[in-house]
Structures are given as C-alpha cells and as structure tokens.
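Structure below is run.txt: compact mmCIF, C-alpha atoms.
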```
# COMPACT_ATOMS: atom_id res chain seq x y z
CA MET F 1 0.00 0.00 0.00
CA ILE F 2 1.01 3.61 -0.48
CA THR F 3 0.74 5.90 2.51
CA THR F 4 1.38 9.57 3.16
CA ASP F 5 3.82 9.00 6.03
CA PHE F 6 6.66 8.80 3.56
CA VAL F 7 9.85 6.85 4.20
CA PRO F 8 13.06 6.86 2.12
CA GLY F 9 12.45 5.23 -1.25
CA SER F 10 8.65 5.38 -1.12
CA PRO F 11 6.50 7.16 -3.74
CA CYS F 12 5.62 10.62 -2.44
CA TRP F 13 4.52 12.68 -5.44
CA LEU F 14 3.46 12.34 -9.06
CA ASP F 15 2.75 14.76 -11.83
CA LEU F 16 1.59 14.61 -15.41
CA GLY F 17 3.37 16.31 -18.28
CA ALA F 18 0.55 17.29 -20.63
CA PRO F 19 0.51 19.12 -23.98
CA ASP F 20 -2.73 20.83 -22.90
CA VAL F 21 -3.12 21.36 -19.16
CA ASP F 22 -6.76 22.42 -19.36
CA ALA F 23 -7.70 19.39 -21.46
CA ALA F 24 -5.90 17.06 -19.05
CA ALA F 25 -7.67 18.68 -16.09
CA ALA F 26 -11.03 18.19 -17.78
CA PHE F 27 -10.32 14.52 -18.55
CA TYR F 28 -9.13 13.51 -15.08
CA GLY F 29 -11.87 15.59 -13.50
CA ALA F 30 -14.47 13.61 -15.44
CA VAL F 31 -12.83 10.23 -14.76
CA PHE F 32 -11.77 10.54 -11.10
CA GLY F 33 -13.56 13.64 -9.87
CA TRP F 34 -10.32 15.55 -9.45
CA ARG F 35 -10.37 19.34 -9.25
CA ALA F 36 -7.44 21.20 -10.80
CA GLN F 37 -6.17 24.22 -8.92
CA ALA F 38 -3.14 26.43 -9.55
CA PHE F 39 -0.62 26.43 -6.71
CA ASP F 40 -0.37 30.20 -7.02
CA GLU F 41 -1.04 32.97 -9.52
CA GLN F 42 2.53 32.85 -10.80
CA MET F 43 2.36 29.12 -11.65
CA SER F 44 -0.87 28.77 -13.62
CA SER F 45 0.74 26.19 -15.93
CA TYR F 46 1.42 23.84 -12.99
CA GLN F 47 -1.72 22.84 -11.15
CA SER F 48 -2.55 20.49 -8.31
CA PHE F 49 -5.12 17.73 -8.65
CA ARG F 50 -7.38 17.61 -5.59
CA LEU F 51 -9.86 15.00 -4.45
CA ASP F 52 -12.17 16.02 -1.58
CA GLY F 53 -9.82 18.92 -0.96
CA LYS F 54 -6.67 16.78 -0.66
CA VAL F 55 -3.83 16.91 -3.18
CA VAL F 56 -3.44 13.62 -5.09
CA GLY F 57 -1.00 14.80 -7.79
CA ALA F 58 -0.37 17.59 -10.26
CA VAL F 59 -0.28 18.47 -13.95
CA GLY F 60 2.13 20.73 -15.79
CA GLN F 61 2.79 21.89 -19.32
CA LEU F 62 4.88 19.43 -21.35
CA THR F 63 7.76 21.55 -22.64
CA GLU F 64 10.51 19.07 -23.51
CA GLU F 65 10.78 18.84 -27.28
CA GLY F 66 9.92 15.39 -28.59
CA ALA F 67 8.77 14.14 -25.19
CA ARG F 68 5.61 12.08 -24.87
CA SER F 69 2.90 12.87 -22.37
CA ALA F 70 3.46 10.71 -19.29
CA TRP F 71 3.11 10.50 -15.54
CA MET F 72 6.25 11.07 -13.49
CA ILE F 73 6.72 9.23 -10.19
CA TYR F 74 8.73 10.92 -7.42
CA PHE F 75 10.42 8.99 -4.62
CA HIS F 76 11.14 10.38 -1.17
CA THR F 77 14.71 10.97 -0.08
CA PRO F 78 16.06 12.71 3.03
CA ASP F 79 19.29 13.57 1.17
CA ILE F 80 18.80 14.29 -2.50
CA ASP F 81 22.48 14.97 -3.20
CA ALA F 82 23.48 11.56 -1.87
CA THR F 83 20.67 9.86 -3.84
CA VAL F 84 21.66 11.60 -7.07
CA LYS F 85 25.21 10.40 -6.54
CA ALA F 86 23.93 6.86 -5.95
CA VAL F 87 21.93 7.02 -9.20
CA GLU F 88 25.06 7.84 -11.16
CA GLN F 89 27.15 5.20 -9.40
CA ALA F 90 24.49 2.57 -10.18
CA GLY F 91 24.59 3.35 -13.90
CA GLY F 92 21.78 5.88 -14.14
CA SER F 93 21.95 9.48 -15.30
CA ILE F 94 20.81 12.93 -14.17
CA ARG F 95 18.37 14.83 -16.39
CA SER F 96 18.09 17.82 -14.09
CA ALA F 97 20.30 18.47 -11.07
CA PRO F 98 18.78 19.04 -7.62
CA SER F 99 17.04 22.40 -7.38
CA GLU F 100 14.96 24.17 -4.77
CA VAL F 101 11.22 24.87 -4.90
CA SER F 102 11.26 27.83 -2.48
CA GLU F 103 11.02 26.44 1.07
CA GLU F 104 8.86 23.49 -0.01
CA GLY F 105 11.72 21.13 -0.88
CA ARG F 106 14.22 20.06 -3.50
CA PHE F 107 13.72 17.88 -6.56
CA ALA F 108 15.78 16.22 -9.28
CA GLN F 109 14.90 14.39 -12.50
CA VAL F 110 16.85 11.19 -13.12
CA THR F 111 16.95 8.09 -15.31
CA ASP F 112 17.66 4.51 -14.29
CA SER F 113 20.22 2.18 -15.86
CA GLN F 114 17.81 1.11 -18.62
CA GLY F 115 16.36 4.51 -19.44
CA ALA F 116 13.23 4.67 -17.26
CA GLN F 117 12.63 8.19 -15.99
CA PHE F 118 11.68 9.03 -12.42
CA ALA F 119 12.18 11.88 -9.99
CA LEU F 120 13.38 12.53 -6.45
CA TRP F 121 11.87 14.75 -3.77
CA GLN F 122 13.55 15.91 -0.59
CA PRO F 123 10.83 17.60 1.46
CA GLY F 124 11.14 20.91 3.15
CA SER F 125 7.80 22.34 4.23
CA TYR F 126 5.89 20.14 1.75
CA ALA F 127 5.94 16.37 2.16
CA GLY F 128 4.00 15.22 -0.92
CA ILE F 129 0.58 13.91 -1.85
CA GLU F 130 -2.07 14.22 0.84
CA ALA F 131 -4.23 11.18 0.01
CA ALA F 132 -3.36 7.69 -1.22
CA ASP F 133 -4.54 4.09 -1.37
CA GLY F 134 -8.20 4.78 -2.03
CA PRO F 135 -10.61 5.39 -4.90
CA GLY F 136 -9.28 8.18 -7.10
CA SER F 137 -5.81 8.26 -5.56
CA LEU F 138 -2.45 6.57 -6.09
CA CYS F 139 -2.42 3.02 -4.75
CA TRP F 140 0.52 1.36 -6.55
CA VAL F 141 3.32 2.12 -9.02
CA GLU F 142 4.77 -0.17 -11.67
CA LEU F 143 7.94 -0.31 -13.70
CA TYR F 144 7.82 -1.96 -17.12
CA THR F 145 11.39 -2.81 -18.00
CA ALA F 146 13.48 -4.94 -20.34
CA ASP F 147 15.60 -6.57 -17.63
CA SER F 148 14.05 -7.07 -14.20
CA ALA F 149 17.27 -8.30 -12.57
CA ASP F 150 19.16 -5.21 -13.71
CA ALA F 151 16.34 -2.95 -12.51
CA GLN F 152 16.28 -4.59 -9.11
CA THR F 153 20.04 -4.19 -8.77
CA PHE F 154 19.80 -0.51 -9.71
CA TYR F 155 16.96 0.39 -7.35
CA GLY F 156 18.36 -1.82 -4.63
CA THR F 157 21.61 0.14 -4.84
CA VAL F 158 19.90 3.55 -4.93
CA PHE F 159 17.09 3.02 -2.42
CA GLY F 160 17.75 -0.32 -0.75
CA TRP F 161 14.39 -1.75 -1.86
CA SER F 162 13.67 -5.39 -1.11
CA GLY F 163 11.80 -7.54 -3.63
CA GLN F 164 9.41 -10.46 -3.50
CA ASP F 165 8.92 -12.51 -6.69
CA VAL F 166 5.51 -13.78 -7.73
CA GLU F 167 4.97 -16.06 -10.72
CA LEU F 168 2.16 -14.78 -12.91
CA PRO F 169 -0.49 -17.31 -13.96
CA GLY F 170 -0.42 -18.84 -17.42
CA GLY F 171 3.33 -18.52 -17.81
CA GLY F 172 3.11 -14.75 -17.79
CA GLY F 173 6.52 -14.35 -16.18
CA THR F 174 7.75 -13.09 -12.84
CA TYR F 175 6.42 -9.99 -11.14
CA THR F 176 8.58 -8.53 -8.37
CA MET F 177 6.82 -6.58 -5.62
CA VAL F 178 8.99 -4.01 -3.88
CA THR F 179 9.14 -2.59 -0.37
CA PRO F 180 11.18 0.32 1.05
CA LYS F 181 14.35 -0.53 2.92
CA GLY F 182 13.73 -1.91 6.39
CA GLN F 183 9.94 -1.69 6.10
CA PRO F 184 7.37 -4.45 6.79
CA PRO F 185 5.49 -6.21 3.95
CA GLU F 186 2.43 -4.00 4.40
CA ARG F 187 4.51 -1.06 3.14
CA MET F 188 4.92 -2.78 -0.24
CA PHE F 189 4.13 -0.08 -2.81
CA GLY F 190 4.91 -1.26 -6.33
CA GLY F 191 6.10 -3.83 -8.78
CA VAL F 192 8.72 -4.50 -11.44
CA MET F 193 7.69 -6.40 -14.56
CA ALA F 194 10.04 -7.52 -17.33
CA VAL F 195 8.46 -7.10 -20.77
CA PRO F 196 11.51 -7.35 -23.05
CA ASP F 197 9.46 -7.73 -26.25
CA MET F 198 7.96 -4.28 -25.66
CA PHE F 199 11.40 -2.67 -25.88
CA ALA F 200 13.19 -5.00 -28.31
CA SER F 201 12.90 -2.63 -31.28
CA GLY F 202 14.46 0.26 -29.40
CA ASP F 203 11.54 2.55 -30.24
CA ALA F 204 10.38 2.66 -26.62
CA LYS F 205 12.17 2.85 -23.29
CA PRO F 206 11.28 1.26 -19.95
CA TYR F 207 8.93 3.41 -17.92
CA TRP F 208 7.02 3.86 -14.67
CA HIS F 209 3.27 4.31 -14.54
CA PRO F 210 0.80 4.98 -11.72
CA VAL F 211 -2.08 2.77 -10.56
CA PHE F 212 -5.15 4.64 -9.34
CA GLY F 213 -7.76 3.10 -7.10
CA SER F 214 -11.39 2.82 -8.14
CA ALA F 215 -14.53 1.63 -6.38
CA ASP F 216 -15.73 0.23 -9.73
CA CYS F 217 -13.10 -0.48 -12.37
CA ASP F 218 -15.61 -1.04 -15.17
CA ALA F 219 -17.44 2.20 -14.46
CA THR F 220 -14.17 4.15 -14.38
CA VAL F 221 -13.04 2.55 -17.65
CA ALA F 222 -16.34 3.58 -19.22
CA LEU F 223 -15.62 7.18 -18.18
CA VAL F 224 -12.12 6.92 -19.69
CA ARG F 225 -13.62 5.96 -23.05
CA GLU F 226 -16.46 8.48 -22.87
CA ASN F 227 -13.98 11.31 -22.32
CA GLY F 228 -11.59 10.53 -25.16
CA GLY F 229 -9.21 8.09 -23.50
CA SER F 230 -8.48 4.53 -24.56
CA VAL F 231 -7.97 1.13 -22.97
CA SER F 232 -5.06 -1.12 -23.98
CA MET F 233 -5.84 -4.00 -21.61
CA GLY F 234 -8.87 -5.09 -19.60
CA PRO F 235 -10.88 -4.67 -17.59
CA GLU F 236 -9.93 -8.11 -16.31
CA ASP F 237 -9.66 -9.92 -13.01
CA ALA F 238 -6.22 -10.64 -11.52
CA GLU F 239 -6.31 -13.33 -8.86
CA GLY F 240 -5.48 -11.99 -5.42
CA ILE F 241 -5.17 -8.44 -6.74
CA GLY F 242 -8.50 -7.24 -8.07
CA ARG F 243 -10.06 -6.01 -11.29
CA LEU F 244 -7.85 -3.77 -13.39
CA ALA F 245 -7.40 -2.08 -16.75
CA VAL F 246 -4.47 -0.36 -18.46
CA CYS F 247 -5.67 2.97 -19.84
CA ASN F 248 -4.37 5.98 -21.77
CA ASP F 249 -5.60 9.52 -21.48
CA PRO F 250 -6.40 11.48 -24.68
CA ALA F 251 -2.76 12.65 -24.96
CA GLY F 252 -1.41 9.09 -24.57
CA ALA F 253 -0.26 9.12 -20.92
CA GLU F 254 -0.63 5.62 -19.48
CA PHE F 255 -2.15 4.74 -16.13
CA VAL F 256 -3.85 1.75 -14.53
CA VAL F 257 -7.24 1.61 -12.85
CA LEU F 258 -7.61 -0.95 -10.06
CA THR F 259 -10.49 -2.10 -7.90
CA PRO F 260 -8.66 -4.20 -5.28
CA SER F 261 -10.06 -7.54 -4.26
CA GLU F 262 -11.18 -7.78 -0.65
CA GLY F 263 -8.26 -8.38 1.65
CA SER F 264 -5.62 -7.36 -0.92
```
Could I get this file's structure written as structure tokens?
Amino acid sequence: MITTDFVPGSPCWLDLGAPDVDAAAAFYGAVFGWRAQAFDEQMSSYQSFRLDGKVVGAVGQLTEEGARSAWMIYFHTPDIDATVKAVEQAGGSIRSAPSEVSEEGRFAQVTDSQGAQFALWQPGSYAGIEAADGPGSLCWVELYTADSADAQTFYGTVFGWSGQDVELPGGGGTYTMVTPKGQPPERMFGGVMAVPDMFASGDAKPYWHPVFGSADCDATVALVRENGGSVSMGPEDAEGIGRLAVCNDPAGAEFVVLTPSEGS
C-alpha cells in the first residue's frame, strides 16, 4: 500500500506532463472527480489535482521537445544529493540536477540504468501527496522494463528496496513486488515487470506508470472511453489483486485503474 507518512524510497509525489493542461484537467476531473487548482497565480501552468480537498497529484505543461505525455513518479529521499550520486554510481543518469522549490523542498529528474525516468523529492515544508490508497488516488506504481534483474540491482543500490517474486499465472513471467528498505510487507508499494518484447525494437524505453484506485473499475473505464481516452488492456480480473485495466488519457499518458479484491 502507499501511505502519506513517507519513508526513504517510497512514492511521495506524481505529476503529469501534458501538452494541454486544461484538457488534461477536464479529462481527469471527469474520470476521477479531481479538481485542478493552480498552486499560485505565478504558476498557472502547474496545477494540483485535488480529491475532496486533498492533493493527489499535479499536472504541468509538457515543454521538452519530442517528449511524450506521461506521468512522473517521485520517490522520497532525506538527502537528494546523496541519492543523485547513488543514481550515477548505479549506472543511471541525471536529467536535471537538484534544485529548490522555495522552502517546499528540492527535486531532481533522473533516469535509471535502462532509461526509465523518475524523480526525487527531498521535502522541506511540503511532504507530498495528501491522500493515497483509495478510490481516485495513487495506490501502486509499476515499472515496465526490459531486464528485471538489472532494474532490481539498480533500485536496490539507490534506495535499498527489497523484492518479493511472484509467478504470474499462465506462464506470464515473474512480477517482483517491492518494499522500502527496512519496512514491513504491508509497506509494499509497487512492482517490477520484465516485458523485453515491448522494448526489443528500441523505439520505446522502460517506464514507470501509476495505478489509481477505483470503487468500480468497469465504471471508471467507461468514463475513460467516454472522455476521449483509450484502454489497452482489460478490464480483467487478476487473482489476489483485483479487477484492473491499463488505460491511456487522450494525450497518450498511461495509467492503470484498479479495484482491489477484498483483503488485498
């Protein structure tokens, strides 16, 4: 589960790079009931997403030339300079060096050893998302990668994550569930899945995507389609996990909708 009492290496923030911020706000508002709100008058192009008044993420203008619209996952660190150094030593790279966001904290944009992009957040006055692990909020994160063993070595070096392998039914491969360093199993927050065929051509790079909770996966998927999004997988039942679907918003950013099974 994802919680808001963040520990080193746990997801603490996420934002969407969108070619049209207003269109993205309208889509996610219709699908999840989120309300977009500018952080201040000087930052109208970067807006928070709020659910019942609590911040569940953000959206900003996609400015990087040639970049695709995508969700960015941020991981908590108490020492961003040390974590950036660990990223480089583990074979990753730095896309943007640590920088300050007034007194709120410091962030950096980095890439893992196989090219998957993620970000780091060292909190100051602002810890991160204010709601998680419920309908309409972040409940899991996933890495699709070409080499799971390499990914686990990288993130184990950088964050000290521990992994638990689960064999997928029908010969679907191994899924590794990850937990922050020194934390109990109930703090498990995400998974690593090797899908080498997806990246064999070199046209795509490994990537992280968010999983959002839903009280009714099928109903949420219907709203995705009604509002210009698409569905690339599901909805379908996953034993011991729940009912899920892999979706894309109208600009192509991927996310997963999940209605957890009872007890999961």
Per-residue nearest contacts of stretch 129-201 of chain F to stretch 77-101 of chain F (10 Å; all atoms listed in the file) as JSON lines:
```
{"residue": "F:Thr153", "atom": "CA", "partner": "F:Ala90", "partner_atom": "CA", "distance": 8.2}
{"residue": "F:Phe154", "atom": "CA", "partner": "F:Ala90", "partner_atom": "CA", "distance": 5.6}
{"residue": "F:Tyr155", "atom": "CA", "partner": "F:Ala90", "partner_atom": "CA", "distance": 8.3}
{"residue": "F:Gly156", "atom": "CA", "partner": "F:Ala90", "partner_atom": "CA", "distance": 9.4}
{"residue": "F:Thr157", "atom": "CA", "partner": "F:Ala90", "partner_atom": "CA", "distance": 6.5}
{"residue": "F:Val158", "atom": "CA", "partner": "F:Ala86", "partner_atom": "CA", "distance": 5.3}
{"residue": "F:Phe159", "atom": "CA", "partner": "F:Thr83", "partner_atom": "CA", "distance": 7.8}
```
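With atom CA of F:Gly105 on one side and atom CA of F:Pro185 on the other, the separation reads 28.5 Å.
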Rank F:Thr174, F:Gln164, F:Ser102, F:Thr259 by their smallest atom-to-atom distance to F:Met188, using only C-alpha atoms, and report the top residue only. F:Gln164
Selection near F:Gln61, 7 Å with all atoms listed in the file, sequence-local residues under 4 positions removed, as a ChimeraX atom specification: /F:17-21,45-46
Keeping only C-alpha atoms, take the residues you just selected and write them out as an mmCIF file, in the coordinates of the input.
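Output contents, as saved in out-v9.cif:
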```cif
data_model
loop_
_atom_site.group_PDB
_atom_site.id
_atom_site.type_symbol
_atom_site.label_atom_id
_atom_site.label_comp_id
_atom_site.auth_asym_id
_atom_site.auth_seq_id
_atom_site.Cartn_x
_atom_site.Cartn_y
_atom_site.Cartn_z
ATOM 1 C CA GLY F 17 3.370 16.310 -18.280
ATOM 2 C CA ALA F 18 0.550 17.290 -20.630
ATOM 3 C CA PRO F 19 0.510 19.120 -23.980
ATOM 4 C CA ASP F 20 -2.730 20.830 -22.900
ATOM 5 C CA VAL F 21 -3.120 21.360 -19.160
ATOM 6 C CA SER F 45 0.740 26.190 -15.930
ATOM 7 C CA TYR F 46 1.420 23.840 -12.990
#
```
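For the atom pair formed by atom CA of F:Ala200 and atom CA of F:Pro169, the distance is 23.3 Å, given to one decimal.
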Using only C-alpha atoms, find each residue in stretch 42-131 of chain F having at least one atom no more than 12 Å away from stretch 212-224 of chain F; report its shortest atom-to-atom pair and that distance in Å (one decimal), rows by chain then rising number, as JSON lines.
```
{"residue": "F:Val56", "atom": "CA", "partner": "F:Phe212", "partner_atom": "CA", "distance": 10.1}
{"residue": "F:Gly57", "atom": "CA", "partner": "F:Phe212", "partner_atom": "CA", "distance": 11.1}
{"residue": "F:Trp71", "atom": "CA", "partner": "F:Phe212", "partner_atom": "CA", "distance": 11.9}
{"residue": "F:Ala131", "atom": "CA", "partner": "F:Gly213", "partner_atom": "CA", "distance": 11.3}
```
Write out as a ChimeraX atom specification the residues lying within 10 Å of F:Tyr74, counting only C-alpha atoms and excluding same-chain residues fewer than 6 positions away. /F:9-15,107-110,117-122,128
Expressed in Å to a single decimal, how great is the separation between atom CA of F:Gln37 and atom CA of F:Gly60? 11.3 Å
Emit as JSON the padded axis-aligned box for all listed atoms of stretch 199-211 of chain F, 3 Å per side, with centre and edge lengths in Å to one decimal.
```
{"center_x": 6.2, "center_y": 0.0, "center_z": -20.9, "size_x": 22.5, "size_y": 16.0, "size_z": 26.7}
```
Give the answer as one residue: which of F:Gly190, F:Gly136, F:Gly29, F:Pro123 has the shortest atom-to-atom distance to F:Leu258, using only C-alpha atoms? F:Gly136
Do a neighbour search on F:Ala251 at 12 Å with only C-alpha atoms, toss out local chain neighbours closer than 5 positions, and write the hits as a count of residues only. 22
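Distance annotation: of F:Met198, F:Met72, F:Ala116, F:Val166, the residue with the minimal separation from F:Val59 is F:Met72; atom set is all atoms listed in the file.
Near stretch 243-246 of chain F, within 8 Å and counting all atoms listed in the file, sit Cys217, Val221, Val231, Ser232, Met233, Gly234, Pro235, Glu236, Asp237, Ala238, Glu254, Phe255, Val256, Val257, Leu258, Thr259, Pro260 and Ser261 of chain F, not including residues fewer than 5 positions from it in the same chain.
Candidate residues F:Asp133, F:Ser125, F:Gly160, F:Val195 were compared for distance to F:Val178, and the nearest is F:Gly160, using only C-alpha atoms.
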